[in-house]
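What follows is protein-v3.cif (mmCIF, C-alpha atoms).
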```cif
data_run
loop_
_atom_site.label_atom_id
_atom_site.label_comp_id
_atom_site.auth_asym_id
_atom_site.auth_seq_id
_atom_site.Cartn_x
_atom_site.Cartn_y
_atom_site.Cartn_z
CA MET A 1 137.06 92.80 102.27
CA PRO A 2 136.77 96.59 102.02
CA THR A 3 133.90 98.17 103.91
CA LYS A 4 132.37 99.66 100.76
CA TYR A 5 131.95 96.22 99.19
CA LEU A 6 130.69 94.76 102.47
CA VAL A 7 127.97 97.43 102.67
CA ASN A 8 126.93 96.87 99.05
CA LEU A 9 126.90 93.09 99.53
CA SER A 10 124.76 93.44 102.64
CA ILE A 11 122.22 95.67 100.91
CA LEU A 12 122.05 93.49 97.79
CA LEU A 13 121.80 90.29 99.81
CA GLY A 14 118.98 91.73 101.93
CA ILE A 15 117.06 92.95 98.89
CA PHE A 16 117.58 89.67 97.02
CA ILE A 17 116.36 87.56 99.95
CA SER A 18 113.35 89.82 100.51
CA VAL A 19 112.35 89.72 96.83
CA LEU A 20 112.67 85.94 96.88
CA LEU A 21 110.57 85.85 100.05
CA VAL A 22 107.90 88.05 98.43
CA ILE A 23 107.73 85.79 95.37
CA VAL A 24 107.35 82.65 97.51
CA ILE A 25 104.74 84.19 99.82
CA ASP A 26 102.77 85.63 96.91
CA TYR A 27 102.82 82.28 95.09
CA PHE A 28 101.50 80.35 98.07
CA SER A 29 98.92 83.02 98.96
CA LYS A 30 97.48 82.91 95.44
CA LYS A 31 97.48 79.13 95.52
CA SER A 32 95.46 78.87 98.73
CA PHE A 33 92.33 80.98 98.88
CA PHE A 34 90.36 81.05 102.11
CA GLY A 35 87.43 83.13 100.87
CA THR A 36 84.66 82.93 103.41
CA PRO A 37 81.54 84.94 102.74
CA ILE A 38 80.65 87.60 105.30
CA SER A 39 77.47 89.54 105.85
CA ILE A 40 76.96 93.12 104.72
CA GLU A 41 76.80 94.20 108.36
CA LYS A 42 80.37 93.01 108.98
CA VAL A 43 81.85 94.56 105.86
CA SER A 44 82.17 98.06 107.30
CA SER A 45 84.00 96.80 110.39
CA CYS A 46 86.31 94.74 108.16
CA PHE A 47 87.18 97.84 106.11
CA GLU A 48 87.81 99.91 109.24
CA GLU A 49 90.05 97.28 110.80
CA GLY A 50 91.83 96.68 107.50
CA GLU A 51 92.59 100.37 107.11
CA LYS A 52 93.93 100.56 110.69
CA GLN A 53 96.09 97.49 110.08
CA LEU A 54 97.44 98.90 106.81
CA ASN A 55 98.41 102.20 108.42
CA LYS A 56 100.09 100.40 111.32
CA ASN A 57 102.04 98.11 109.00
CA LEU A 58 103.14 101.00 106.80
CA ARG A 59 104.45 102.86 109.86
CA ILE A 60 106.34 99.73 110.94
CA GLY A 61 107.76 99.40 107.43
CA PHE A 62 108.83 103.04 107.44
CA TRP A 63 110.67 102.65 110.75
CA THR A 64 112.38 99.44 109.62
CA LEU A 65 113.48 101.24 106.47
CA LEU A 66 114.98 103.98 108.63
CA MET A 67 116.69 101.30 110.74
CA ALA A 68 118.09 99.75 107.55
CA ILE A 69 119.52 103.07 106.43
CA GLY A 70 120.94 103.73 109.90
CA SER A 71 122.46 100.25 110.09
CA THR A 72 123.99 100.75 106.65
CA VAL A 73 125.62 104.01 107.76
CA VAL A 74 126.96 102.35 110.92
CA LEU A 75 128.30 99.41 108.89
CA TYR A 76 129.94 101.79 106.42
CA PHE A 77 131.84 103.62 109.15
CA SER A 78 132.70 100.53 111.21
CA ASN A 79 135.49 98.03 110.66
CA GLY A 80 133.15 95.56 108.98
CA GLU A 81 132.05 93.49 111.96
CA ALA A 82 130.07 90.39 111.08
CA ILE A 83 127.20 91.19 113.45
CA LEU A 84 126.63 94.55 111.74
CA PHE A 85 126.74 92.86 108.35
CA PHE A 86 123.99 90.42 109.35
CA ALA A 87 121.97 93.16 111.08
CA THR A 88 122.13 95.34 107.98
CA THR A 89 121.12 92.41 105.79
CA LEU A 90 118.20 91.66 108.11
CA PHE A 91 117.10 95.29 108.26
CA TRP A 92 117.07 95.45 104.45
CA MET A 93 115.06 92.22 104.32
CA LEU A 94 112.24 93.46 106.58
CA PRO A 95 110.75 96.61 104.98
CA ILE A 96 110.50 95.36 101.41
CA PRO A 97 108.05 92.50 102.11
CA LEU A 98 106.15 94.77 104.51
CA PHE A 99 105.55 97.29 101.73
CA ILE A 100 105.07 94.93 98.79
CA LEU A 101 102.85 92.31 100.41
CA GLN A 102 100.52 94.95 101.86
CA ARG A 103 99.78 96.31 98.36
CA PRO A 104 99.30 99.78 99.86
CA PHE A 105 98.24 101.64 96.71
CA LYS A 106 95.57 99.12 95.84
CA ARG A 107 94.22 99.00 99.40
CA LYS A 108 94.22 102.80 99.79
CA LYS A 109 92.23 103.07 96.55
CA ILE A 110 89.70 100.50 97.72
CA TYR A 111 89.29 102.23 101.10
CA ALA A 112 88.81 105.60 99.39
CA LEU A 113 86.18 104.17 97.04
CA TYR A 114 84.41 102.51 99.95
CA LYS A 115 84.25 105.75 101.91
CA LYS A 116 82.75 107.51 98.86
CA ASN A 117 80.12 104.75 98.43
CA GLN A 118 81.48 103.82 95.02
CA LEU A 119 82.00 100.12 95.72
CA PRO A 120 79.18 97.65 95.05
CA ILE A 121 78.83 97.18 98.84
CA GLU A 122 76.45 99.10 101.02
CA ASN A 123 78.31 101.61 103.14
CA ARG A 124 76.29 102.11 106.28
CA ASP A 125 78.81 103.28 108.87
CA PHE A 126 80.63 106.06 107.02
#
```

If you took the structure in this file and wrote it as structure tokens, what would it be?
Amino acid sequence: MPTKYLVNLSILLGIFISVLLVIVIDYFSKKSFFGTPISIEKVSSCFEEGEKQLNKNLRIGFWTLLMAIGSTVVLYFSNGEAILFFATTLFWMLPIPLFILQRPFKRKKIYALYKKNQLPIENRDF
């Protein structure tokens, strides 16, 4: 198989598997809700920790996306080894669920509203 088709197949396979993984995870996460009420005093620490976790996960997603692009370039210029094909597929599978399942735009908006005291929660620590 020509290298060009192998690279395209690897990218498409990685994206397809990651989209399927996102759909399955999203379905089961909506089906099972573990909502436990917390006190107002703990809300501010939850928002702070959530914002730290979001930023960390977005950085990890960014670096895995760079690894996917780098692996794709290496696969394109190689002789089409199987290990590079599977590595490229894996690297394209990782960043997509990291970005989509984090819902970064929605969470950033909530954190910004919380810092401006525009959520219906008392904001005592900011």

_Quick check, in Å to one decimal: how far apart do atom CA of A:Leu20 and atom CA of A:Val7 lie?_
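That distance, rounded to one decimal, is 20.0 Å.
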
_atom CA of A:Met67 to atom CA of A:Thr88, distance in Å rounded to a single decimal_ =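 Distance between the two atoms: 8.5 Å.
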
*Exercise: residues within 12 Å of coordinate (124.0, 92.7, 99.8), counting only C-alpha atoms, as JSON, numbers by chain*: {"A": [4, 5, 6, 7, 8, 9, 10, 11, 12, 13, 14, 15, 16, 17, 18, 72, 85, 86, 87, 88, 89, 90, 91, 92, 93]}

For the selection just defined, write its residues with C-alpha atoms to a file, as a short mmCIF file (atom, residue, chain, number, x, y, z; two decimals), in the frame of the given file.
```cif
data_model
loop_
_atom_site.label_atom_id
_atom_site.label_comp_id
_atom_site.auth_asym_id
_atom_site.auth_seq_id
_atom_site.Cartn_x
_atom_site.Cartn_y
_atom_site.Cartn_z
CA LYS A 4 132.37 99.66 100.76
CA TYR A 5 131.95 96.22 99.19
CA LEU A 6 130.69 94.76 102.47
CA VAL A 7 127.97 97.43 102.67
CA ASN A 8 126.93 96.87 99.05
CA LEU A 9 126.90 93.09 99.53
CA SER A 10 124.76 93.44 102.64
CA ILE A 11 122.22 95.67 100.91
CA LEU A 12 122.05 93.49 97.79
CA LEU A 13 121.80 90.29 99.81
CA GLY A 14 118.98 91.73 101.93
CA ILE A 15 117.06 92.95 98.89
CA PHE A 16 117.58 89.67 97.02
CA ILE A 17 116.36 87.56 99.95
CA SER A 18 113.35 89.82 100.51
CA THR A 72 123.99 100.75 106.65
CA PHE A 85 126.74 92.86 108.35
CA PHE A 86 123.99 90.42 109.35
CA ALA A 87 121.97 93.16 111.08
CA THR A 88 122.13 95.34 107.98
CA THR A 89 121.12 92.41 105.79
CA LEU A 90 118.20 91.66 108.11
CA PHE A 91 117.10 95.29 108.26
CA TRP A 92 117.07 95.45 104.45
CA MET A 93 115.06 92.22 104.32
#
```

*Can you work out which one of A:Cys46, A:Val73, A:Ile23, A:Ile100 has the shortest atom-to-atom distance to A:Gly61, counting all atoms listed in the file?*
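Among the listed residues, A:Ile100 lies closest to A:Gly61.
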
Could you work out an axis-aligned bounding box for all listed atoms of stretch 95-111 of chain A, with 5 Å added on each of the six sides, and give its centre and edge lengths in Å to one decimal, as AutoDock Vina command-line options?
```
--center_x 100.0 --center_y 97.7 --center_z 100.4 --size_x 31.5 --size_y 20.8 --size_z 19.1
```

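Against the coordinates shown, the PyMOL selection byres ((chain A and resi 52-57) around 10) returns Cys46, Phe47, Glu48, Glu49, Gly50, Glu51, Leu58, Arg59, Ile60, Gly61, Phe62, Trp63, Pro95, Leu98, Phe99, Gln102, Arg103, Pro104, Arg107 and Lys108 of chain A.
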
*Could you tell me which of A:Ile83, A:Leu94, A:Tyr76, A:Val43 comes closest to A:Thr64 if we count all atoms listed in the file?*
A:Leu94

*Gap from atom CA of A:Asp26 to atom CA of A:Leu101 - Å, one decimal*: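 Computing it gives 7.5 Å between the two atoms.
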
Atoms added to stretch 103-120 of chain A (N, CA and C atoms), reported as a short mmCIF file (atom, residue, chain, number, x, y, z; two decimals), in the coordinates of the input:
```cif
data_model
loop_
_atom_site.label_atom_id
_atom_site.label_comp_id
_atom_site.auth_asym_id
_atom_site.auth_seq_id
_atom_site.Cartn_x
_atom_site.Cartn_y
_atom_site.Cartn_z
N ARG A 103 100.38 95.68 99.54
CA ARG A 103 99.78 96.31 98.36
C ARG A 103 99.10 97.62 98.75
N PRO A 104 99.90 98.58 99.26
CA PRO A 104 99.30 99.78 99.86
C PRO A 104 98.52 100.65 98.89
N PHE A 105 98.94 100.76 97.64
CA PHE A 105 98.24 101.64 96.71
C PHE A 105 96.87 101.07 96.36
N LYS A 106 96.82 99.77 96.17
CA LYS A 106 95.57 99.12 95.84
C LYS A 106 94.59 99.20 97.02
N ARG A 107 95.09 98.95 98.22
CA ARG A 107 94.22 99.00 99.40
C ARG A 107 93.75 100.42 99.70
N LYS A 108 94.63 101.41 99.57
CA LYS A 108 94.22 102.80 99.79
C LYS A 108 93.12 103.21 98.81
N LYS A 109 93.24 102.75 97.55
CA LYS A 109 92.23 103.07 96.55
C LYS A 109 90.89 102.43 96.90
N ILE A 110 90.93 101.19 97.35
CA ILE A 110 89.70 100.50 97.72
C ILE A 110 89.05 101.17 98.92
N TYR A 111 89.85 101.55 99.92
CA TYR A 111 89.29 102.23 101.10
C TYR A 111 88.69 103.57 100.72
N ALA A 112 89.34 104.30 99.82
CA ALA A 112 88.81 105.60 99.39
C ALA A 112 87.50 105.42 98.63
N LEU A 113 87.42 104.42 97.76
CA LEU A 113 86.18 104.17 97.04
C LEU A 113 85.06 103.73 97.98
N TYR A 114 85.41 102.96 98.99
CA TYR A 114 84.41 102.51 99.95
C TYR A 114 83.84 103.68 100.75
N LYS A 115 84.71 104.60 101.14
CA LYS A 115 84.25 105.75 101.91
C LYS A 115 83.37 106.68 101.07
N LYS A 116 83.56 106.67 99.75
CA LYS A 116 82.75 107.51 98.86
C LYS A 116 81.51 106.78 98.34
N ASN A 117 81.26 105.57 98.86
CA ASN A 117 80.12 104.75 98.43
C ASN A 117 80.17 104.41 96.95
N GLN A 118 81.35 104.16 96.42
CA GLN A 118 81.48 103.82 95.02
C GLN A 118 81.82 102.35 94.80
N LEU A 119 81.84 101.56 95.86
CA LEU A 119 82.00 100.12 95.72
C LEU A 119 80.62 99.47 95.69
N PRO A 120 80.50 98.29 95.09
CA PRO A 120 79.18 97.65 95.05
C PRO A 120 78.79 97.01 96.39
#
```
